[in-house]
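Peer 1: Would you mind keeping the following structure in view while I ask a few things?
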Amino acid sequence: MLSFENLNVYQDSLKLALDIYKFSKKFPREELFGLTSQIRRAVVSISLNIAEGSSRSKKDFRHFLDISRGSCYELVPLLKICLELKYITPNEFEEIYPRVDNLAKRINALKNSVKP
């Protein structure tokens, strides 16, 4: 097992990605190359940047964690758009949004713990 795989933020980002993939399956077919693709790319980017950054220098890892946190922030308007369009339910939004917010905070804390 590689060291990044032991990070809770990495493991939680994978769980979040799987959950978003599951609920985005029900999005309208015409959104396949729109919101469905965009929300999936954003959520997958979180774990990918944690993994890739962990193989770099500490300075670069911090940069990749910034990108990962940015992908969390990208999810916020995407989720709100999906909610407004009724692609997700208020319950789904209320379940996912706090997880995204918490993950962004924890990624930031990890970044702050990695000294250049």
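Here, A, B, ... name the chains of the structure tokens in the order displayed, residue numbers run from 1 inside each chain, and ligands are numbered from 1 in the same displayed order.
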Any idea what's packed within 12 Å of Leu79 in chain A, counting only C-alpha atoms, ignoring anything in its chain fewer than 2 positions away? Could you give it as an MDAnalysis selection string?
Peer 2: chainID A and resid 20 23:24 35:36 38:40 42:43 72:77 81:98 100:101
Peer 1: Do a neighbour search on Val114 in chain A at 7 Å with only C-alpha atoms, toss out local chain neighbours closer than 2 positions, and write the hits as a list in words.
Peer 2: Lys58, Arg62, Leu110, Lys111, Asn112 and Pro116 of chain A
Peer 1: Residues near Leu65 in chain A, anyone? I mean within 9 Å using only C-alpha atoms, not counting same-chain ones fewer than 5 positions away, as JSON, numbers by chain.
Peer 2: {"A": [46, 49, 50, 53, 60, 70, 107, 108, 110, 111]}
Peer 1: Would you please give, as a PyMOL selection string, all residues of chain A that DSSP assigns to helix (DSSP H, G or I) based on the backbone?
Peer 2: chain A and resi 3-6+8-24+29-31+35-54+58-84+90-113
Peer 1: Using only C-alpha atoms, find the one residue out of A:Ser57, A:Ala17, A:Leu32, A:Lys115 that sits nearest to Ser71 in chain A.
Peer 2: A:Ala17
